[in-house]
Each structure stands twice: as C-alpha cells, then as structure tokens.
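Enquirer: Hey, dropping work38.json in here, JSON, C-alpha atoms:
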```
[["chain", "number", "residue", "atom", "x", "y", "z"],
["E", 1, "MET", "CA", -81.96, 38.44, -0.88],
["E", 2, "ASP", "CA", -83.25, 36.38, 2.04],
["E", 3, "ILE", "CA", -81.29, 34.08, 4.30],
["E", 4, "THR", "CA", -82.74, 31.62, 6.76],
["E", 5, "GLN", "CA", -81.02, 29.24, 9.12],
["E", 6, "GLU", "CA", -82.16, 26.15, 10.99],
["E", 7, "ARG", "CA", -80.70, 23.03, 12.51],
["E", 8, "ASP", "CA", -81.14, 19.49, 11.30],
["E", 9, "GLY", "CA", -79.60, 17.51, 14.13],
["E", 10, "ASP", "CA", -75.95, 18.50, 14.30],
["E", 11, "VAL", "CA", -76.07, 20.21, 10.91],
["E", 12, "VAL", "CA", -76.61, 23.93, 10.43],
["E", 13, "VAL", "CA", -78.72, 24.41, 7.31],
["E", 14, "VAL", "CA", -78.54, 27.85, 5.67],
["E", 15, "ARG", "CA", -80.93, 28.72, 2.85],
["E", 16, "LEU", "CA", -79.96, 31.45, 0.40],
["E", 17, "MET", "CA", -82.80, 32.90, -1.63],
["E", 18, "GLY", "CA", -82.77, 35.50, -4.39],
["E", 19, "ARG", "CA", -79.68, 37.21, -5.79],
["E", 20, "LEU", "CA", -76.29, 37.03, -4.06],
["E", 21, "ASN", "CA", -74.49, 40.05, -5.51],
["E", 22, "SER", "CA", -72.40, 42.95, -4.18],
["E", 23, "SER", "CA", -75.33, 44.62, -2.43],
["E", 24, "ALA", "CA", -76.33, 41.40, -0.66],
["E", 25, "ALA", "CA", -72.80, 40.13, -0.01],
["E", 26, "PRO", "CA", -71.91, 42.00, 3.23],
["E", 27, "ALA", "CA", -75.03, 40.84, 5.09],
["E", 28, "ALA", "CA", -74.74, 37.34, 3.64],
["E", 29, "GLU", "CA", -71.12, 37.10, 4.77],
["E", 30, "GLU", "CA", -72.05, 38.20, 8.26],
["E", 31, "ARG", "CA", -74.86, 35.63, 8.49],
["E", 32, "LEU", "CA", -72.77, 32.82, 7.02],
["E", 33, "LEU", "CA", -69.77, 33.47, 9.26],
["E", 34, "ALA", "CA", -72.09, 33.42, 12.27],
["E", 35, "ALA", "CA", -73.55, 30.14, 11.04],
["E", 36, "VAL", "CA", -70.14, 28.48, 10.67],
["E", 37, "ALA", "CA", -68.78, 29.77, 13.98],
["E", 38, "GLY", "CA", -67.63, 27.24, 16.53],
["E", 39, "ALA", "CA", -65.46, 24.16, 16.51],
["E", 40, "ALA", "CA", -65.83, 21.65, 13.68],
["E", 41, "PRO", "CA", -69.09, 23.01, 12.28],
["E", 42, "SER", "CA", -71.21, 20.92, 9.90],
["E", 43, "VAL", "CA", -72.89, 23.31, 7.48],
["E", 44, "ALA", "CA", -75.15, 22.68, 4.49],
["E", 45, "ILE", "CA", -76.11, 25.58, 2.26],
["E", 46, "ASP", "CA", -79.33, 25.15, 0.33],
["E", 47, "MET", "CA", -79.07, 27.14, -2.91],
["E", 48, "SER", "CA", -82.20, 25.82, -4.58],
["E", 49, "GLU", "CA", -83.84, 29.26, -4.43],
["E", 50, "LEU", "CA", -80.72, 31.23, -5.30],
["E", 51, "SER", "CA", -81.32, 32.68, -8.76],
["E", 52, "TYR", "CA", -78.02, 34.55, -9.30],
["E", 53, "ILE", "CA", -74.52, 34.71, -7.88],
["E", 54, "SER", "CA", -71.85, 37.27, -8.82],
["E", 55, "SER", "CA", -68.15, 37.43, -8.00],
["E", 56, "ALA", "CA", -68.97, 39.19, -4.74],
["E", 57, "GLY", "CA", -71.28, 36.31, -3.85],
["E", 58, "LEU", "CA", -68.64, 33.75, -4.72],
["E", 59, "ARG", "CA", -66.23, 35.49, -2.36],
["E", 60, "VAL", "CA", -68.77, 35.14, 0.45],
["E", 61, "ILE", "CA", -68.93, 31.38, -0.17],
["E", 62, "LEU", "CA", -65.13, 31.22, -0.33],
["E", 63, "VAL", "CA", -64.68, 33.05, 2.96],
["E", 64, "ALA", "CA", -67.22, 30.78, 4.68],
["E", 65, "ALA", "CA", -65.62, 27.64, 3.22],
["E", 66, "LYS", "CA", -62.18, 28.76, 4.39],
["E", 67, "LYS", "CA", -63.50, 29.41, 7.88],
["E", 68, "VAL", "CA", -65.07, 25.94, 8.01],
["E", 69, "GLN", "CA", -61.83, 24.35, 6.84],
["E", 70, "GLN", "CA", -59.83, 26.26, 9.46],
["E", 71, "GLU", "CA", -62.24, 25.00, 12.13],
["E", 72, "LYS", "CA", -61.88, 21.46, 10.74],
["E", 73, "GLY", "CA", -65.59, 21.32, 9.93],
["E", 74, "LYS", "CA", -67.54, 20.27, 6.85],
["E", 75, "LEU", "CA", -69.39, 22.38, 4.30],
["E", 76, "ALA", "CA", -71.53, 21.30, 1.36],
["E", 77, "LEU", "CA", -73.73, 23.21, -1.05],
["E", 78, "GLY", "CA", -76.88, 21.72, -2.54],
["E", 79, "GLY", "CA", -79.65, 22.45, -4.99],
["E", 80, "LEU", "CA", -77.71, 24.73, -7.34],
["E", 81, "GLY", "CA", -79.86, 25.91, -10.24],
["E", 82, "ALA", "CA", -78.51, 25.95, -13.78],
["E", 83, "ASN", "CA", -77.32, 29.58, -13.67],
["E", 84, "VAL", "CA", -75.51, 29.21, -10.38],
["E", 85, "ARG", "CA", -74.06, 25.82, -11.35],
["E", 86, "GLU", "CA", -72.67, 27.37, -14.54],
["E", 87, "VAL", "CA", -70.83, 30.03, -12.52],
["E", 88, "PHE", "CA", -69.43, 27.43, -10.13],
["E", 89, "ALA", "CA", -68.21, 25.32, -13.05],
["E", 90, "ALA", "CA", -66.68, 28.28, -14.92],
["E", 91, "THR", "CA", -64.74, 29.43, -11.87],
["E", 92, "GLY", "CA", -63.78, 25.98, -10.61],
["E", 93, "PHE", "CA", -65.52, 26.54, -7.30],
["E", 94, "ASP", "CA", -66.94, 23.07, -7.77],
["E", 95, "THR", "CA", -63.39, 21.71, -7.46],
["E", 96, "ILE", "CA", -62.74, 23.15, -4.01],
["E", 97, "ILE", "CA", -66.17, 22.97, -2.36],
["E", 98, "THR", "CA", -68.44, 19.92, -2.05],
["E", 99, "ILE", "CA", -71.49, 20.30, -4.29],
["E", 100, "ALA", "CA", -74.45, 17.97, -3.72],
["E", 101, "ALA", "CA", -77.52, 17.43, -5.89],
["E", 102, "ASP", "CA", -79.95, 18.94, -3.41],
["E", 103, "ALA", "CA", -80.25, 20.18, 0.15],
["E", 104, "ALA", "CA", -80.89, 16.70, 1.57],
["E", 105, "ALA", "CA", -77.75, 15.38, -0.10],
["E", 106, "ALA", "CA", -75.74, 18.38, 1.16],
["E", 107, "ILE", "CA", -76.94, 17.65, 4.71],
["E", 108, "ALA", "CA", -76.01, 13.99, 4.32],
["E", 109, "ALA", "CA", -72.59, 14.96, 2.98],
["E", 110, "VAL", "CA", -71.64, 16.93, 6.08],
["E", 111, "ARG", "CA", -73.29, 14.64, 8.69],
["K", 1, "MET", "CA", -52.03, 46.61, 3.90],
["K", 2, "LEU", "CA", -50.64, 47.20, 0.42],
["K", 3, "SER", "CA", -52.93, 47.57, -2.57],
["K", 4, "PHE", "CA", -52.64, 44.94, -5.31],
["K", 5, "SER", "CA", -51.04, 47.56, -7.57],
["K", 6, "GLU", "CA", -48.32, 48.09, -4.96],
["K", 7, "GLU", "CA", -48.00, 44.35, -4.30],
["K", 8, "ILE", "CA", -47.46, 43.48, -7.95],
["K", 9, "VAL", "CA", -44.97, 46.31, -8.54],
["K", 10, "LEU", "CA", -43.04, 45.13, -5.50],
["K", 11, "LEU", "CA", -43.12, 41.50, -6.60],
["K", 12, "LEU", "CA", -41.91, 42.50, -10.06],
["K", 13, "LEU", "CA", -38.78, 44.07, -8.62],
["K", 14, "ASP", "CA", -35.66, 41.96, -8.43],
["K", 15, "GLU", "CA", -34.63, 42.52, -4.82],
["K", 16, "THR", "CA", -30.99, 41.77, -5.62],
["K", 17, "ASN", "CA", -30.53, 44.79, -7.90],
["K", 18, "GLY", "CA", -33.69, 46.92, -7.81],
["K", 19, "ASP", "CA", -34.46, 46.42, -11.50],
["K", 20, "PHE", "CA", -37.78, 45.17, -12.81],
["K", 21, "VAL", "CA", -37.79, 41.55, -13.93],
["K", 22, "PRO", "CA", -38.20, 41.30, -17.72],
["K", 23, "LEU", "CA", -41.86, 41.51, -18.78],
["K", 24, "PRO", "CA", -43.36, 42.94, -21.98],
["K", 25, "GLU", "CA", -44.87, 46.37, -21.31],
["K", 26, "SER", "CA", -48.22, 45.31, -22.78],
["K", 27, "VAL", "CA", -48.43, 42.33, -20.42],
["K", 28, "PHE", "CA", -47.41, 44.51, -17.50],
["K", 29, "ALA", "CA", -50.19, 46.96, -18.43],
["K", 30, "ILE", "CA", -52.80, 44.19, -18.37],
["K", 31, "VAL", "CA", -51.56, 42.95, -15.01],
["K", 32, "MET", "CA", -51.59, 46.45, -13.47],
["K", 33, "SER", "CA", -55.09, 46.95, -14.80],
["K", 34, "GLY", "CA", -56.23, 43.61, -13.38],
["K", 35, "ALA", "CA", -54.69, 44.49, -10.02],
["K", 36, "ALA", "CA", -56.69, 47.72, -9.85],
["K", 37, "LEU", "CA", -59.96, 46.11, -10.99],
["K", 38, "MET", "CA", -59.64, 43.25, -8.50],
["K", 39, "ASP", "CA", -58.84, 45.74, -5.74],
["K", 40, "LEU", "CA", -62.01, 47.65, -6.61],
["K", 41, "ALA", "CA", -63.94, 44.38, -6.53],
["K", 42, "LEU", "CA", -62.66, 43.56, -3.04],
["K", 43, "HIS", "CA", -63.64, 47.08, -1.97],
["K", 44, "ASN", "CA", -67.17, 46.41, -3.30],
["K", 45, "ARG", "CA", -66.92, 49.16, -5.94],
["K", 46, "VAL", "CA", -67.29, 46.83, -8.92],
["K", 47, "ASP", "CA", -68.87, 43.41, -9.29],
["K", 48, "SER", "CA", -68.71, 40.90, -12.13],
["K", 49, "ASP", "CA", -70.35, 37.82, -13.52],
["K", 50, "LEU", "CA", -69.80, 35.62, -16.55],
["K", 51, "GLU", "CA", -70.90, 38.42, -18.89],
["K", 52, "LYS", "CA", -69.93, 41.81, -17.53],
["K", 53, "LEU", "CA", -68.24, 44.04, -14.99],
["K", 54, "THR", "CA", -70.58, 46.45, -13.20],
["K", 55, "VAL", "CA", -69.71, 49.61, -11.30],
["K", 56, "VAL", "CA", -71.85, 49.25, -8.19],
["K", 57, "ASP", "CA", -70.55, 52.10, -6.02],
["K", 58, "ARG", "CA", -68.75, 55.24, -7.23],
["K", 59, "THR", "CA", -67.71, 56.42, -3.78],
["K", 60, "PRO", "CA", -63.96, 57.25, -3.85],
["K", 61, "LEU", "CA", -61.64, 55.24, -1.61],
["K", 62, "GLY", "CA", -58.95, 57.89, -1.07],
["K", 63, "ASP", "CA", -56.50, 55.89, -3.23],
["K", 64, "ASN", "CA", -54.95, 57.81, -6.12],
["K", 65, "ILE", "CA", -54.88, 54.75, -8.38],
["K", 66, "LEU", "CA", -58.21, 53.12, -7.53],
["K", 67, "ASP", "CA", -60.16, 56.38, -7.52],
["K", 68, "ASP", "CA", -58.79, 57.25, -10.96],
["K", 69, "VAL", "CA", -59.72, 53.81, -12.30],
["K", 70, "LEU", "CA", -63.17, 53.96, -10.70],
["K", 71, "ALA", "CA", -63.88, 57.39, -12.15],
["K", 72, "GLY", "CA", -62.75, 56.21, -15.59],
["K", 73, "LEU", "CA", -64.99, 53.15, -15.45],
["K", 74, "GLY", "CA", -67.88, 55.32, -14.33],
["K", 75, "ARG", "CA", -67.41, 57.56, -17.37],
["K", 76, "LYS", "CA", -67.47, 54.52, -19.65],
["K", 77, "GLY", "CA", -70.79, 53.31, -18.28],
["K", 78, "ALA", "CA", -72.13, 51.24, -15.45],
["K", 79, "LYS", "CA", -71.69, 47.91, -17.26],
["K", 80, "LEU", "CA", -68.74, 46.81, -19.37],
["K", 81, "ALA", "CA", -67.36, 43.59, -20.77],
["K", 82, "ILE", "CA", -64.55, 42.59, -18.37],
["K", 83, "VAL", "CA", -61.98, 42.50, -21.16],
["K", 84, "ASP", "CA", -62.99, 45.99, -22.34],
["K", 85, "ALA", "CA", -62.58, 47.35, -18.80],
["K", 86, "LEU", "CA", -59.22, 45.59, -18.56],
["K", 87, "PHE", "CA", -57.80, 47.14, -21.72],
["K", 88, "ASP", "CA", -59.33, 50.52, -20.96],
["K", 89, "VAL", "CA", -57.57, 50.73, -17.58],
["K", 90, "ALA", "CA", -54.38, 49.24, -19.04],
["K", 91, "ALA", "CA", -53.93, 52.38, -21.16],
["K", 92, "ASN", "CA", -52.88, 54.23, -17.98],
["K", 93, "ALA", "CA", -50.75, 51.46, -16.49],
["K", 94, "GLU", "CA", -47.47, 53.37, -16.74],
["K", 95, "GLU", "CA", -48.90, 56.25, -14.73],
["K", 96, "TYR", "CA", -50.26, 53.81, -12.14],
["K", 97, "ARG", "CA", -46.85, 52.14, -11.86],
["K", 98, "SER", "CA", -45.29, 55.55, -11.13],
["K", 99, "ARG", "CA", -47.88, 56.22, -8.44],
["K", 100, "ALA", "CA", -47.41, 52.75, -6.91],
["K", 101, "LEU", "CA", -43.63, 53.24, -6.86],
["K", 102, "ALA", "CA", -44.00, 56.67, -5.25],
["K", 103, "ARG", "CA", -46.23, 55.18, -2.55],
["K", 104, "LEU", "CA", -43.81, 52.32, -1.87],
["K", 105, "ILE", "CA", -40.97, 54.84, -1.56],
["K", 106, "ALA", "CA", -43.07, 57.01, 0.78],
["K", 107, "ARG", "CA", -43.78, 53.94, 2.94],
["K", 108, "GLY", "CA", -40.04, 53.27, 3.25],
["K", 109, "ILE", "CA", -40.26, 49.95, 1.41],
["K", 110, "LEU", "CA", -38.24, 51.07, -1.64],
["K", 111, "LYS", "CA", -35.75, 53.78, -2.47],
["K", 112, "GLN", "CA", -35.03, 55.28, -5.84],
["K", 113, "GLU", "CA", -31.55, 55.39, -7.36],
["K", 114, "LYS", "CA", -30.87, 57.33, -10.53],
["K", 115, "GLY", "CA", -27.97, 56.47, -12.78],
["K", 116, "ARG", "CA", -26.80, 56.29, -16.36],
["K", 117, "HIS", "CA", -26.38, 53.33, -18.68],
["K", 118, "LEU", "CA", -23.42, 53.57, -21.10],
["K", 119, "TRP", "CA", -22.92, 57.13, -19.72],
["K", 120, "VAL", "CA", -25.86, 58.30, -21.83],
["K", 121, "PHE", "CA", -29.21, 56.75, -21.00],
["K", 122, "ARG", "CA", -30.80, 57.74, -17.73],
["K", 123, "THR", "CA", -31.81, 54.75, -15.62],
["K", 124, "ARG", "CA", -33.79, 54.31, -12.44],
["K", 125, "ARG", "CA", -33.52, 51.43, -10.03],
["K", 126, "TYR", "CA", -35.64, 50.74, -7.00],
["K", 127, "PRO", "CA", -33.66, 48.79, -4.40],
["K", 128, "VAL", "CA", -35.82, 47.22, -1.71],
["K", 129, "ILE", "CA", -35.13, 48.64, 1.74],
["K", 130, "ASP", "CA", -37.63, 46.52, 3.62],
["K", 131, "ASP", "CA", -38.31, 43.15, 1.98],
["K", 132, "SER", "CA", -40.57, 41.81, 4.75],
["K", 133, "GLU", "CA", -43.70, 42.33, 2.62],
["K", 134, "GLN", "CA", -42.22, 40.49, -0.39],
["K", 135, "GLN", "CA", -41.03, 37.63, 1.79],
["K", 136, "GLU", "CA", -44.33, 37.36, 3.65],
["K", 137, "VAL", "CA", -46.39, 37.29, 0.44],
["K", 138, "ARG", "CA", -44.11, 34.73, -1.19],
["K", 139, "ALA", "CA", -44.18, 32.48, 1.88],
["K", 140, "ARG", "CA", -47.97, 32.68, 2.12],
["K", 141, "LEU", "CA", -48.44, 31.95, -1.58],
["K", 142, "ARG", "CA", -45.96, 29.08, -1.45],
["K", 143, "GLN", "CA", -47.87, 27.46, 1.39],
["K", 144, "LEU", "CA", -51.16, 27.97, -0.46],
["K", 145, "LEU", "CA", -49.86, 26.53, -3.74],
["K", 146, "LEU", "CA", -48.37, 23.46, -2.09],
["K", 147, "SER", "CA", -51.47, 22.56, -0.07],
["K", 148, "ASP", "CA", -55.20, 21.97, -0.46],
["K", 149, "GLU", "CA", -55.93, 24.99, 1.69],
["K", 150, "ILE", "CA", -58.97, 27.00, 0.64],
["K", 151, "PRO", "CA", -57.61, 30.44, -0.30],
["K", 152, "ASP", "CA", -58.92, 33.75, 0.91],
["K", 153, "PRO", "CA", -60.04, 36.18, -1.82],
["K", 154, "ARG", "CA", -56.87, 38.31, -1.53],
["K", 155, "ASP", "CA", -54.64, 35.33, -2.13],
["K", 156, "VAL", "CA", -56.69, 34.30, -5.17],
["K", 157, "VAL", "CA", -56.01, 37.73, -6.68],
["K", 158, "LEU", "CA", -52.28, 37.47, -5.97],
["K", 159, "VAL", "CA", -52.10, 34.03, -7.59],
["K", 160, "CYS", "CA", -53.87, 35.42, -10.69],
["K", 161, "LEU", "CA", -51.45, 38.34, -10.88],
["K", 162, "ILE", "CA", -48.19, 36.44, -10.32],
["K", 163, "ASP", "CA", -49.26, 33.75, -12.76],
["K", 164, "ALA", "CA", -50.14, 36.31, -15.44],
["K", 165, "CYS", "CA", -46.64, 37.81, -15.27],
["K", 166, "ALA", "CA", -44.80, 34.50, -14.86],
["K", 167, "LEU", "CA", -43.66, 35.20, -11.31],
["K", 168, "VAL", "CA", -44.67, 31.82, -9.90],
["K", 169, "LYS", "CA", -41.11, 30.64, -10.59],
["K", 170, "PHE", "CA", -39.93, 33.13, -7.95],
["K", 171, "VAL", "CA", -42.29, 31.58, -5.39],
["K", 172, "LEU", "CA", -41.73, 27.88, -6.07],
["K", 173, "SER", "CA", -38.70, 25.81, -7.05],
["K", 174, "ALA", "CA", -38.73, 24.11, -10.47],
["K", 175, "ASP", "CA", -39.65, 20.76, -8.91],
["K", 176, "GLU", "CA", -42.40, 22.34, -6.83],
["K", 177, "LEU", "CA", -43.73, 24.14, -9.88],
["K", 178, "ASP", "CA", -44.14, 20.85, -11.76],
["K", 179, "VAL", "CA", -46.20, 19.45, -8.92],
["K", 180, "ALA", "CA", -48.18, 22.63, -8.27],
["K", 181, "SER", "CA", -49.12, 23.59, -11.84],
["K", 182, "PRO", "CA", -52.66, 22.11, -11.60],
["K", 183, "ARG", "CA", -53.10, 23.92, -8.30],
["K", 184, "VAL", "CA", -52.05, 27.24, -9.86],
["K", 185, "GLU", "CA", -54.58, 26.66, -12.61],
["K", 186, "GLN", "CA", -57.29, 25.79, -10.09],
["K", 187, "LEU", "CA", -56.72, 28.92, -8.01],
["K", 188, "ARG", "CA", -56.38, 31.40, -10.87],
["K", 189, "LYS", "CA", -59.79, 30.32, -12.22],
["K", 190, "LEU", "CA", -61.57, 31.32, -9.02],
["K", 191, "ASP", "CA", -61.75, 35.01, -9.91],
["K", 192, "LEU", "CA", -63.56, 36.10, -13.08],
["K", 193, "ILE", "CA", -61.47, 39.26, -13.51],
["K", 194, "GLY", "CA", -58.39, 37.13, -12.84],
["K", 195, "GLN", "CA", -59.48, 34.78, -15.62],
["K", 196, "ALA", "CA", -59.68, 37.73, -18.01],
["K", 197, "VAL", "CA", -56.22, 38.91, -16.94],
["K", 198, "THR", "CA", -54.70, 35.46, -17.52],
["K", 199, "LYS", "CA", -56.33, 35.14, -20.94],
["K", 200, "ALA", "CA", -55.41, 38.64, -22.10],
["K", 201, "ALA", "CA", -51.82, 38.34, -20.84],
["K", 202, "SER", "CA", -51.24, 34.95, -22.46],
["K", 203, "GLU", "CA", -52.77, 36.07, -25.76],
["K", 204, "THR", "CA", -50.64, 39.22, -25.74],
["K", 205, "GLU", "CA", -47.49, 37.21, -25.07],
["K", 206, "ALA", "CA", -48.40, 34.84, -27.89],
["K", 207, "ILE", "CA", -48.80, 37.77, -30.29],
["K", 208, "ILE", "CA", -45.43, 39.20, -29.21],
["K", 209, "LYS", "CA", -43.72, 35.83, -29.72],
["K", 210, "PHE", "CA", -45.39, 35.35, -33.10],
["K", 211, "ALA", "CA", -44.31, 38.83, -34.19],
["K", 212, "ALA", "CA", -40.75, 38.16, -33.02],
["K", 213, "THR", "CA", -40.49, 34.92, -34.98],
["K", 214, "THR", "CA", -41.92, 36.33, -38.19],
["K", 215, "MET", "CA", -39.91, 39.57, -38.38]]
```
Show me, as structure tokens, the structure contained in the file I just sent.

Expert:
Amino acid sequence: MDITQERDGDVVVVRLMGRLNSSAAPAAEERLLAAVAGAAPSVAIDMSELSYISSAGLRVILVAAKKVQQEKGKLALGGLGANVREVFAATGFDTIITIAADAAAAIAAVR
Amino acid sequence: MLSFSEEIVLLLLDETNGDFVPLPESVFAIVMSGAALMDLALHNRVDSDLEKLTVVDRTPLGDNILDDVLAGLGRKGAKLAIVDALFDVAANAEEYRSRALARLIARGILKQEKGRHLWVFRTRRYPVIDDSEQQEVRARLRQLLLSDEIPDPRDVVLVCLIDACALVKFVLSADELDVASPRVEQLRKLDLIGQAVTKAASETEAIIKFAATTM
C-alpha cells in the first residue's frame, strides 16, 4: 500500500492507498503515528483510494485515533469506499471515530 | 506482560478462595480459544476480515499456547471462517488452561493447593499470591467502560473476553453496569474475532439454558 502526507493549512492530510492489511499495518502505523505526533494535532485521513482494510488495519486506525485523543487533537476519516465503510459499520468504528463524506469534509471537520 | 490466555484465567479466579467462578466448560473453551486467536492477531500471526481468518505468518512466538494454536491453524489451512477457527482451537482449551495456570504459578502470581471435597473427590484451588495484575486490569477496564476514551487494541480484547464470560459484573457495580451496557456493546464490536467469541458464547449459553429447562 502507499501512504502520502501533506499539509492543508494547520491540518495534516494523510492519504491511504491500496490494501491496509497485516503486511502493510506496521509501516502504516509508523507513518500515522508520526503524522499525529505533537500537541493537539488536526489530522484528516483520506481513504478514497483504500480498497481493503482488515482487522490489522483497523487496529492501526484505532491506535492513531487514541494517540490523537490523548494529545487533545482532532481526527476525521473521509472518502471511505463501500467495502471499507461496510467494515467500519460492522465493527462500530464509525461510532468512535468521525467519518466524513470525503477528504474535503474530513479536513473541514478537524479544522 | 501476560498473554490473554493468562489474563482471562486469572480474571476467572475468585481471589477470595482460589476457585474458578462458575462458567460452563463449553463457554470457557470458546473464551480461551478467542483469547489465543486475538493474541495471535496482535502478534501479527493471523489477520481477519468480515469473511475469514487468515494465517499470515507461521513463525513461532516461543509461547507454548500460541505456538500450538498457530501450528494447528496452519495445518487446517491458510484461510478459515473465524467461527471454525474458534471451535477448532476450543477443543484444546482445557490443556491451554493447564498451561496458563502453570505459567501463572511459575511467575509467582498464583499458587496451587490440592485438597479433597467430601473426603473423596480431589480438588485444586489456585489462591492468588500477587493480585496486582488483576487489580490493574480491572481498574483500567473500569475507567475505559465509564468514559468515552478510545481504547487501545489490548483493552478491546479484554472487554470482549470479560463480556463473553460475564465478568463485567466484577469490574463494575450494578448501577455502573446499567449505565455502561451500551459502552460494553460498543467496545466488544470493535474486534471481529471478539464478535465471533461473543456470538458463540451467547449461543452456547442459550443452548445450555434451553437444555436445562427442557430436561
């Protein structure tokens, strides 16, 4: 999988592309934890090009979300495709993490 | 750090007398199996999605429970329905409980006392020598269940396990439990293997109750 990161003003925008599974999870966790480092981070994760997420991938998101909460920051996910949205709904991840319609809305949600 | 198999065995012990709290053996087996599978998941040996559990790395961990489970899953095939994996591992739950108890005794957390019931039946009790682990886990879970805190993956697993064997009542008071029930449900859903454990345990309990009322 590929991960890119850029800034949109005060917001860190992370794009996840491809499949977030057990083989991709360690590197993804490292990149995401680096992205959310610092006091009160505002982080938007663009998932519009993420085609698959497994339990290992969900744990990466959970760890990042916990870190953001501990740092009193904001995190939102946007652009979830049907497959990924189904997993988030089945596991209730959509009840503990802000989910926006697309990347722009995720950025707006954490600004 | 204790494995989930050790954690759940410890949490199932009544620290006042060293006996196990009442729990049907079949439910216990499912919970022990779930503990091992979720441990393997956190060690990146298995992964899961809405359809299946996949063995992604067969490298042993040096753990006499997890390595046995991992080898067994590997023999079954790389991909399994989660519920099939759960019941497959559950077949060896009694052996895994013995190993978990032996490890807890070796760590100085428990001791074993042998006795006799009615002068005939041999009994074993496991009084807790060092209850700091039990107390720490209960305090952490209590805080998690009574807040909106985002859990870490380990705590999600523990919530799944204690809920599946009805141990939440030992973590929260009755009043707290009423308030926190939706939160318990929210957290136990977060792990797909945990979901399978909850479903299998509740269905097994329902079958046991049905059988008891119709005999």

Enquirer: Need to verify the contact set: range 55-65 of chain E, 7 Å, only C-alpha atoms, exclusion of same-chain residues closer than 2 positions in sequence. Can you return it as a list in words?

Expert: Leu20, Asn21, Ser22, Ala25, Glu29, Leu32, Leu33, Ile53, Lys67, Val68, Gln69 and Leu75 of chain E; Asp47, Ser48, Asp49, Asp152, Pro153 and Leu192 of chain K

Enquirer: Provide the CA of Thr123 in chain K to CA of Val21 in chain K distance in Å, to one decimal place.

Expert: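 Taking CA of Thr123 in chain K and CA of Val21 in chain K, their separation equals 14.6 Å.
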
Enquirer: Could you produce a table of the residues of chain K lying within 12 Å of chain E, with the nearest pair of atoms per residue and their separation in Å rounded to one decimal, using all atoms listed in the file, ordered by chain and increasing residue number, as CSV?

Expert:
```
residue,atom,partner,partner_atom,distance
K:Met38,CA,E:Ser55,CA,10.3
K:Leu40,CA,E:Ala56,CA,11.1
K:Ala41,CA,E:Ala56,CA,7.4
K:Leu42,CA,E:Ala56,CA,7.9
K:His43,CA,E:Ala56,CA,9.9
K:Asn44,CA,E:Ser22,CA,6.3
K:Arg45,CA,E:Ser22,CA,8.5
K:Val46,CA,E:Ser22,CA,8.0
K:Asp47,CA,E:Ser55,CA,6.2
K:Ser48,CA,E:Ser55,CA,5.4
K:Asp49,CA,E:Ser54,CA,5.0
K:Leu50,CA,E:Val87,CA,7.0
K:Glu51,CA,E:Ser54,CA,10.2
K:Lys52,CA,E:Ser54,CA,10.0
K:Leu53,CA,E:Ser55,CA,9.6
K:Thr54,CA,E:Ser22,CA,9.8
K:Val55,CA,E:Ser22,CA,10.1
K:Val56,CA,E:Ser22,CA,7.5
K:Asp57,CA,E:Ser22,CA,9.5
K:Ser147,CA,E:Ile96,CA,12.0
K:Asp148,CA,E:Ile96,CA,8.4
K:Glu149,CA,E:Lys66,CA,7.8
K:Ile150,CA,E:Lys66,CA,5.2
K:Pro151,CA,E:Lys66,CA,6.8
K:Asp152,CA,E:Val63,CA,6.2
K:Pro153,CA,E:Arg59,CA,6.3
K:Arg154,CA,E:Arg59,CA,9.8
K:Asp155,CA,E:Leu62,CA,11.4
K:Val156,CA,E:Arg59,CA,10.0
K:Val157,CA,E:Arg59,CA,11.3
K:Pro182,CA,E:Thr95,CA,11.5
K:Arg183,CA,E:Thr95,CA,10.6
K:Val184,CA,E:Gly92,CA,11.8
K:Glu185,CA,E:Gly92,CA,9.4
K:Gln186,CA,E:Gly92,CA,6.5
K:Leu187,CA,E:Gly92,CA,8.1
K:Arg188,CA,E:Thr91,CA,8.6
K:Lys189,CA,E:Thr91,CA,5.0
K:Leu190,CA,E:Thr91,CA,4.7
K:Asp191,CA,E:Thr91,CA,6.6
K:Leu192,CA,E:Thr91,CA,6.9
K:Ile193,CA,E:Ser55,CA,8.9
K:Gly194,CA,E:Thr91,CA,10.0
K:Gln195,CA,E:Thr91,CA,8.4
K:Ala196,CA,E:Thr91,CA,11.5
```

Enquirer: Dig up all the protein and nucleic acid residues within 8 Å of (-62.5, 44.9, -16.3) in the file frame, using only C-alpha atoms, and format them as a list in words.

Expert: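 Collected hits near the coordinates: Ser33, Gly34, Leu37, Leu53, Leu80, Ala81, Ile82, Val83, Asp84, Ala85, Leu86, Phe87, Asp88, Val89, Ile193 and Ala196 of chain K.
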
Enquirer: Could you work out how far CA of Thr198 in chain K lies from CA of Glu133 in chain K, giving the answer in Å with one decimal?

Expert: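 Computing it gives 24.0 Å between the two atoms.
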
Enquirer: What's the 8 Å shell around Ala40 in chain E, counting all atoms listed in the file, without same-chain residues fewer than 5 positions away, as JSON, numbers by chain?

Expert: {"E": [68, 71, 72, 73, 74]}

Enquirer: Which polymer residues, protein or nucleic acid, are no farther than 8 Å from (-86.2, 34.1, -5.7), counting all atoms listed in the file, as number ranges by chain?

Expert: E: 1, 17-19, 49-51

Enquirer: So the first atom is CA of Glu203 in chain K and the second is CA of Ala35 in chain K; what is the distance between them in Å, to one decimal place?

Expert: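 Computing the Euclidean distance for CA of Glu203 in chain K and CA of Ala35 in chain K yields 18.0 Å.
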
Enquirer: Determine the nearest neighbour of Ile105 in chain K from the options K:Ile207, K:Val128, K:Ala212, K:Ile65, counting only C-alpha atoms.

Expert: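 Looking only at the distances to Ile105 in chain K, the closest residue turns out to be K:Val128.
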
Enquirer: Can you report as JSON the centre and edge lengths in Å, to one decimal, of an axis-aligned box around the listed atoms of range 49-63 of chain E padded with 6 Å on each side?

Expert:
```
{"center_x": -74.3, "center_y": 34.2, "center_z": -3.2, "size_x": 31.2, "size_y": 21.9, "size_z": 24.3}
```

Enquirer: Smallest atom-to-atom distance to Ala91 in chain K: which of K:Leu104, K:Met32, K:Arg58, K:Leu146, using all atoms listed in the file?

Expert: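 Residue with the minimum atom-to-atom distance to Ala91 in chain K: K:Met32.
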
Enquirer: Calculated over only C-alpha atoms, which of the candidates K:Ala93, K:Val171, K:Ala106, K:Ala139 has the smallest distance to Val9 in chain K?

Expert: K:Ala93

Enquirer: Could you tell me which of E:Thr4, E:Ala34, E:Leu16, E:Ala27 comes closest to Val84 in chain E if we count all atoms listed in the file?

Expert: E:Leu16

Enquirer: Give the answer as one residue: which of K:Ile30, K:Leu23, K:Ala71, K:Leu144 has the shortest atom-to-atom distance to Ser5 in chain K, using all atoms listed in the file?

Expert: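 Counting all atoms listed in the file, the residue closest to Ser5 in chain K is K:Ile30.
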